[in-house]
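Have a look at work-v3.cif below; it lists mmCIF, C-alpha atoms.
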data_data
#
loop_
_atom_site.label_atom_id
_atom_site.label_comp_id
_atom_site.auth_asym_id
_atom_site.auth_seq_id
_atom_site.Cartn_x
_atom_site.Cartn_y
_atom_site.Cartn_z
CA MET Q 1 45.56 72.86 120.39
CA ASP Q 2 47.25 70.83 123.17
CA ALA Q 3 50.41 71.75 125.03
CA LYS Q 4 52.52 69.20 123.16
CA THR Q 5 51.53 70.57 119.76
CA SER Q 6 52.07 74.12 120.93
CA SER Q 7 55.57 73.30 122.16
CA ALA Q 8 56.49 71.65 118.88
CA ASP Q 9 55.24 74.63 116.92
CA LEU Q 10 57.24 77.00 119.06
CA SER Q 11 60.31 74.83 118.68
CA GLY Q 12 59.90 74.88 114.91
CA GLU Q 13 59.51 78.66 114.86
CA ALA Q 14 62.61 79.07 117.02
CA GLY Q 15 64.57 76.80 114.68
CA SER Q 16 63.46 78.82 111.65
CA GLU Q 17 64.52 82.05 113.34
CA VAL Q 18 67.97 80.63 114.13
CA GLU Q 19 68.34 79.48 110.52
CA ALA Q 20 67.30 82.93 109.25
CA LYS Q 21 69.82 84.65 111.50
CA GLY Q 22 72.50 82.19 110.37
CA ALA Q 23 71.69 82.96 106.75
CA ARG Q 24 71.93 86.69 107.40
CA ARG Q 25 75.30 86.22 109.09
CA SER Q 26 76.47 84.18 106.10
CA ARG Q 27 75.41 86.86 103.64
CA VAL Q 28 77.14 89.59 105.63
CA SER Q 29 80.30 87.51 105.77
CA GLY Q 30 80.19 87.09 101.99
CA ILE Q 31 79.78 90.83 101.49
CA ASP Q 32 82.65 91.53 103.87
CA ARG Q 33 84.91 89.17 101.95
CA ALA Q 34 83.98 90.79 98.65
CA LEU Q 35 84.70 94.24 100.05
CA GLN Q 36 88.06 93.03 101.37
CA VAL Q 37 89.01 91.91 97.87
CA ILE Q 38 87.86 95.18 96.26
CA ASP Q 39 89.50 97.31 98.96
CA TYR Q 40 92.79 95.47 98.56
CA LEU Q 41 92.86 96.09 94.82
CA TYR Q 42 91.96 99.74 95.34
CA GLU Q 43 94.66 100.25 97.96
CA THR Q 44 97.42 98.52 95.98
CA GLY Q 45 96.43 100.35 92.80
CA ALA Q 46 97.42 97.56 90.40
CA PRO Q 47 96.04 94.27 89.01
CA THR Q 48 96.88 91.35 91.30
CA GLY Q 49 96.64 87.56 91.27
CA ALA Q 50 94.16 85.59 93.36
CA TYR Q 51 96.90 84.06 95.53
CA ALA Q 52 98.26 87.47 96.56
CA ILE Q 53 94.74 88.69 97.31
CA ALA Q 54 93.95 85.63 99.45
CA LYS Q 55 97.18 86.06 101.40
CA ALA Q 56 96.55 89.78 101.94
CA VAL Q 57 92.95 89.42 103.17
CA LYS Q 58 93.78 86.23 105.14
CA ALA Q 59 91.12 84.13 103.45
CA PRO Q 60 91.26 80.58 102.02
CA LEU Q 61 92.33 80.57 98.40
CA SER Q 62 89.29 78.50 97.43
CA THR Q 63 86.99 81.11 99.00
CA VAL Q 64 88.74 83.96 97.20
CA TYR Q 65 88.46 82.12 93.88
CA VAL Q 66 84.70 81.77 94.34
CA ILE Q 67 84.31 85.45 95.29
CA ILE Q 68 86.44 86.63 92.37
CA ASP Q 69 84.54 84.47 89.87
CA ASP Q 70 81.25 85.83 91.16
CA LEU Q 71 82.43 89.46 91.03
CA VAL Q 72 83.91 89.02 87.55
CA GLU Q 73 80.61 87.56 86.36
CA LYS Q 74 78.82 90.64 87.74
CA ASN Q 75 81.34 92.99 86.11
CA MET Q 76 82.49 94.29 89.52
CA LEU Q 77 85.96 92.91 88.79
CA ALA Q 78 87.78 92.23 85.53
CA ARG Q 79 90.15 89.37 84.71
CA ASN Q 80 93.10 90.31 82.51
CA ALA Q 81 94.65 88.07 79.88
CA ASP Q 82 97.44 87.04 82.30
CA GLY Q 83 94.87 86.01 84.92
CA SER Q 84 95.41 89.01 87.19
CA ILE Q 85 92.37 90.70 88.70
CA TRP Q 86 91.44 94.38 88.57
CA LEU Q 87 88.47 96.60 89.30
CA GLY Q 88 85.56 96.23 86.88
CA ALA Q 89 83.60 98.73 84.82
CA ARG Q 90 80.55 98.46 87.07
CA LEU Q 91 82.51 100.02 89.94
CA TYR Q 92 83.50 102.87 87.65
CA HIS Q 93 79.85 103.59 86.88
CA TYR Q 94 79.02 103.53 90.58
CA GLY Q 95 81.87 105.97 91.20
CA LEU Q 96 80.60 108.35 88.54
CA ALA Q 97 77.12 108.29 90.03
CA TYR Q 98 78.52 109.03 93.50
CA ALA Q 99 80.74 111.84 92.16
CA ARG Q 100 77.74 113.47 90.51
CA SER Q 101 75.96 113.51 93.86
CA LEU Q 102 78.78 115.48 95.47
CA ASP Q 103 79.49 119.17 95.16
CA PHE Q 104 82.74 120.47 96.57
CA MET Q 105 81.39 123.79 97.80
CA SER Q 106 78.43 122.07 99.44
CA VAL Q 107 80.74 119.66 101.30
CA ALA Q 108 83.24 122.40 102.18
CA THR Q 109 80.56 124.82 103.37
CA HIS Q 110 79.01 122.20 105.63
CA GLU Q 111 82.41 121.45 107.16
CA MET Q 112 83.12 125.19 107.46
CA HIS Q 113 80.04 125.70 109.65
CA ASP Q 114 80.91 122.65 111.76
CA LEU Q 115 84.43 124.00 112.33
CA CYS Q 116 83.01 127.41 113.20
CA ARG Q 117 80.94 125.83 115.98
CA GLU Q 118 83.83 123.68 117.21
CA ALA Q 119 86.44 126.45 117.28
CA GLY Q 120 84.12 129.31 118.20
CA GLU Q 121 85.85 131.52 115.63
CA THR Q 122 85.30 132.78 112.09
CA VAL Q 123 86.09 130.20 109.41
CA GLN Q 124 86.75 130.72 105.70
CA VAL Q 125 87.10 128.53 102.63
CA CYS Q 126 89.52 130.12 100.15
CA GLY Q 127 90.69 129.39 96.62
CA ARG Q 128 93.16 130.76 94.12
CA ASP Q 129 92.29 133.34 91.47
CA GLY Q 130 95.45 133.78 89.43
CA ASP Q 131 97.94 135.78 91.52
CA TYR Q 132 95.39 136.27 94.31
CA MET Q 133 93.72 134.37 97.09
CA LEU Q 134 89.92 134.55 96.91
CA VAL Q 135 87.51 134.09 99.84
CA LEU Q 136 84.94 131.58 98.55
CA ALA Q 137 82.79 131.10 101.67
CA MET Q 138 82.71 132.33 105.24
CA ALA Q 139 81.04 131.52 108.57
CA ASP Q 140 81.13 134.26 111.19
CA GLY Q 141 82.16 133.22 114.67
CA PRO Q 142 79.92 133.85 117.69
CA SER Q 143 82.08 136.65 119.10
CA HIS Q 144 81.86 140.34 118.18
CA TYR Q 145 85.29 140.14 116.56
CA GLN Q 146 84.93 141.40 112.98
CA VAL Q 147 86.99 140.12 110.05
CA ALA Q 148 87.65 142.58 107.23
CA SER Q 149 87.92 140.00 104.44
CA ARG Q 150 84.46 138.87 103.34
CA VAL Q 151 83.27 136.51 100.60
CA GLY Q 152 84.67 137.73 97.27
CA THR Q 153 87.69 139.46 98.81
CA ARG Q 154 90.89 139.04 96.75
CA VAL Q 155 94.33 139.61 98.28
CA PRO Q 156 97.86 138.87 97.01
CA LEU Q 157 98.98 135.30 97.63
CA ASN Q 158 101.94 136.36 99.79
CA TRP Q 159 99.74 138.12 102.35
CA THR Q 160 97.93 135.08 103.73
CA ALA Q 161 98.42 131.61 105.15
CA SER Q 162 95.97 130.25 102.60
CA GLY Q 163 97.76 131.96 99.72
CA ARG Q 164 100.98 130.13 100.45
CA LEU Q 165 99.22 126.77 100.73
CA LEU Q 166 97.38 127.25 97.44
CA VAL Q 167 100.70 127.25 95.55
CA GLY Q 168 102.63 124.94 97.86
CA HIS Q 169 102.18 121.91 95.59
CA LEU Q 170 103.87 123.65 92.65
CA ALA Q 171 107.49 122.95 91.70
CA GLU Q 172 110.02 125.18 93.47
CA ALA Q 173 111.05 127.06 90.33
CA GLU Q 174 107.41 127.72 89.47
CA ARG Q 175 106.72 129.03 92.97
CA ILE Q 176 109.70 131.39 92.82
CA GLU Q 177 108.65 132.82 89.46
CA LEU Q 178 105.08 133.24 90.67
CA PHE Q 179 106.08 135.12 93.83
CA LYS Q 180 108.53 137.30 91.88
CA ARG Q 181 105.56 138.37 89.81
CA CYS Q 182 102.80 138.71 92.39
CA ALA Q 183 104.34 139.45 95.82
CA ARG Q 184 103.17 142.80 97.17
CA THR Q 185 103.85 144.81 100.31
CA SER Q 186 100.93 144.44 102.72
CA PRO Q 187 99.18 147.28 104.63
CA THR Q 188 100.93 146.23 107.85
CA GLY Q 189 104.32 145.90 106.15
CA ARG Q 190 104.79 142.49 107.76
CA ALA Q 191 104.07 140.25 104.75
CA GLU Q 192 107.16 138.59 103.26
CA ILE Q 193 107.97 139.72 99.72
CA ASP Q 194 111.21 137.83 98.96
CA ALA Q 195 110.29 135.22 96.32
CA ARG Q 196 112.68 132.50 97.44
CA THR Q 197 111.74 132.84 101.10
CA LEU Q 198 108.05 132.72 100.16
CA SER Q 199 108.64 129.66 98.00
CA ASP Q 200 110.39 127.84 100.85
CA SER Q 201 107.66 128.69 103.36
CA ALA Q 202 104.93 127.69 100.88
CA GLY Q 203 106.54 124.31 100.23
CA LYS Q 204 107.07 123.64 103.93
CA ALA Q 205 103.53 124.70 104.87
CA PHE Q 206 102.05 122.46 102.19
CA GLU Q 207 104.17 119.52 103.32
CA GLU Q 208 103.09 120.03 106.95
CA ARG Q 209 99.47 120.67 105.92
CA LEU Q 210 99.47 123.81 108.03
CA SER Q 211 100.14 127.51 107.46
CA ILE Q 212 99.96 130.29 110.04
CA GLN Q 213 100.19 134.04 109.48
CA VAL Q 214 100.01 136.71 112.14
CA ALA Q 215 99.21 140.36 111.34
CA GLU Q 216 100.65 140.15 107.83
CA SER Q 217 97.58 141.44 105.99
CA ASP Q 218 95.59 143.10 108.81
CA TYR Q 219 96.64 144.47 112.18
CA ALA Q 220 96.03 142.12 115.15
CA VAL Q 221 94.49 139.45 112.86
CA ALA Q 222 95.85 135.92 112.57
CA CYS Q 223 94.94 133.00 110.34
CA ILE Q 224 95.51 129.25 110.67
CA ALA Q 225 94.91 127.31 107.43
CA SER Q 226 95.12 123.77 106.12
CA PRO Q 227 95.06 122.64 102.46
CA VAL Q 228 92.28 120.70 100.75
CA CYS Q 229 93.95 118.57 98.08
CA ASP Q 230 92.31 116.73 95.20
CA ARG Q 231 93.14 113.18 94.13
CA SER Q 232 96.17 114.39 92.16
CA GLY Q 233 97.61 116.05 95.28
CA GLU Q 234 97.07 119.65 94.20
CA CYS Q 235 95.77 122.18 96.70
CA ILE Q 236 92.47 123.35 95.23
CA ALA Q 237 91.26 125.23 98.32
CA THR Q 238 91.98 125.86 101.97
CA ILE Q 239 89.92 125.95 105.12
CA SER Q 240 91.09 128.42 107.74
CA ILE Q 241 90.30 129.88 111.13
CA VAL Q 242 90.56 133.68 111.34
CA LEU Q 243 91.01 134.95 114.87
CA PRO Q 244 92.61 137.64 117.05
CA GLU Q 245 96.41 137.56 117.10
CA GLN Q 246 96.67 136.94 120.84
CA LYS Q 247 94.68 133.70 120.64
CA VAL Q 248 97.25 132.13 118.33
CA VAL Q 249 99.99 132.97 120.79
CA SER Q 250 98.10 131.62 123.81
CA ASP Q 251 96.36 128.52 122.39
CA GLY Q 252 97.55 127.87 118.84
CA ASN Q 253 97.70 124.07 119.10
CA HIS Q 254 93.99 123.85 119.91
CA TYR Q 255 93.09 125.52 116.60
CA THR Q 256 95.67 123.74 114.43
CA GLU Q 257 94.26 120.33 115.35
CA HIS Q 258 90.73 121.43 114.43
CA VAL Q 259 91.63 122.97 111.09
CA ARG Q 260 93.76 120.03 109.94
CA ALA Q 261 90.99 117.59 110.83
CA SER Q 262 88.44 119.65 108.90
CA ALA Q 263 90.55 119.71 105.74
CA GLN Q 264 91.01 115.95 105.96
CA ARG Q 265 87.27 115.38 106.38
CA ILE Q 266 86.52 117.40 103.24
CA GLU Q 267 89.04 115.35 101.25
CA LYS Q 268 87.62 112.10 102.60
CA LEU Q 269 84.01 113.05 101.79
CA MET Q 270 85.06 114.02 98.27
CA GLY Q 271 86.84 110.69 97.83
CA TRP Q 272 90.25 112.31 97.53
CA ARG Q 273 91.95 110.44 100.39
CA ASN Q 274 93.09 106.80 100.52
CA HIS Q 275 91.53 104.41 102.99
#
Could you express the structure from this file as structure tokens?
Amino acid sequence: MDAKTSSADLSGEAGSEVEAKGARRSRVSGIDRALQVIDYLYETGAPTGAYAIAKAVKAPLSTVYVIIDDLVEKNMLARNADGSIWLGARLYHYGLAYARSLDFMSVATHEMHDLCREAGETVQVCGRDGDYMLVLAMADGPSHYQVASRVGTRVPLNWTASGRLLVGHLAEAERIELFKRCARTSPTGRAEIDARTLSDSAGKAFEERLSIQVAESDYAVACIASPVCDRSGECIATISIVLPEQKVVSDGNHYTEHVRASAQRIEKLMGWRNH
């Protein structure tokens, strides 16, 4: 093989490689456009016309028409009788398959251990059991500080930061009636027992996604909790840091940022948060 032939062959190979890369870029661009259309429909939460979609994703109307037609043909999108576009049944089946692969306690426990390492303190995942807060899972911090409440512990809702969050999404009247029924005096005598005051603090804590209690259920023990809310906005669990009282006083902001972020990550992994 002479030098001239070799050069031509190399030139041809280089051209083929450039074409292949160009094709890959084109395919990625097409996928990105399709995802923009689907994401827009998901975020708006209602069927929409092609013109509005094209304007929102900043794409040529002709391009959006082609993408929509292709996705409708593949059952990823559905076209209504009035011409508006909505999510298709195929996406629903994908969503079901993904949901089956997730388990809340598995996701929450993984995040609980991550938060334990980040904060260097004991972390708990708690849920509601009627008029009580129930410790569902727990990761012990690296220090020798011992927490009395272990997995399976049930305490009245008014004793803990998590207890207030777990009912914070309820209507005010419902919260008041609940606390009238279940509020109990704590061993330290510091837990609030007035139903209306508890209702107000529960609603505010839920709205702020943060609840803090200091020495209400146990002496010298504090808790910083954040709610984990499902897609309907109800608090189904909490994740909390349990630590010595003095640490909340000296460096509370450090822990509040960590616990809020952890609750949000659980919701996101479960598909309960918007984009």
Task: Test item: residues at most 6 Å from stretch 150-157 of chain Q, only C-alpha atoms, excluding those fewer than 6 positions along its chain, as number ranges by chain - done: Q: 132-137, 163
- [ ] Skip Q:Ile38 itself and residues of its chain fewer than 3 positions away, then list as a PyMOL selection string all residues within 10 Å of it, counting all atoms listed in the file.
- [x] chain Q and resi 32-35+41-43+53+68+71+76-77+85-88+91
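The space separating atom CA of Q:Arg209 from atom CA of Q:Gly189 comes to 25.7 Å.
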- [ ] Given the file shown, enumerate the residues that the PyMOL selection byres ((chain Q and resi 226-236) around 6) captures and present them as a list of chain:residue names.
- [x] Q:Leu166, Q:His169, Q:Arg209, Q:Leu210, Q:Ala225, Q:Ala237, Q:Thr238, Q:Ile239, Q:Arg260, Q:Ala263, Q:Trp272
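Distance annotation: of Q:Lys58, Q:Lys204, Q:Arg117, Q:Arg265, the residue with the minimal separation from Q:Val167 is Q:Lys204; atom set is all atoms listed in the file.
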Open item on the list: Need the shell around Q:Gln213: protein/DNA/RNA residues with any atom at most 12 Å away, counting all atoms listed in the file. Skip same-chain ones fewer than 4 positions apart. Format as number ranges by chain?
Closed with: Q: 157-165, 190-192, 201-202, 205, 217-226, 240-245, 248-249, 252
Open item on the list: Env of Q:Ala54: 9 Å cut, atoms = only C-alpha atoms, seq-sep filter 5 positions within chain, self excluded. Answer as a PyMOL selection string.
Closed with: chain Q and resi 37+49+59-65
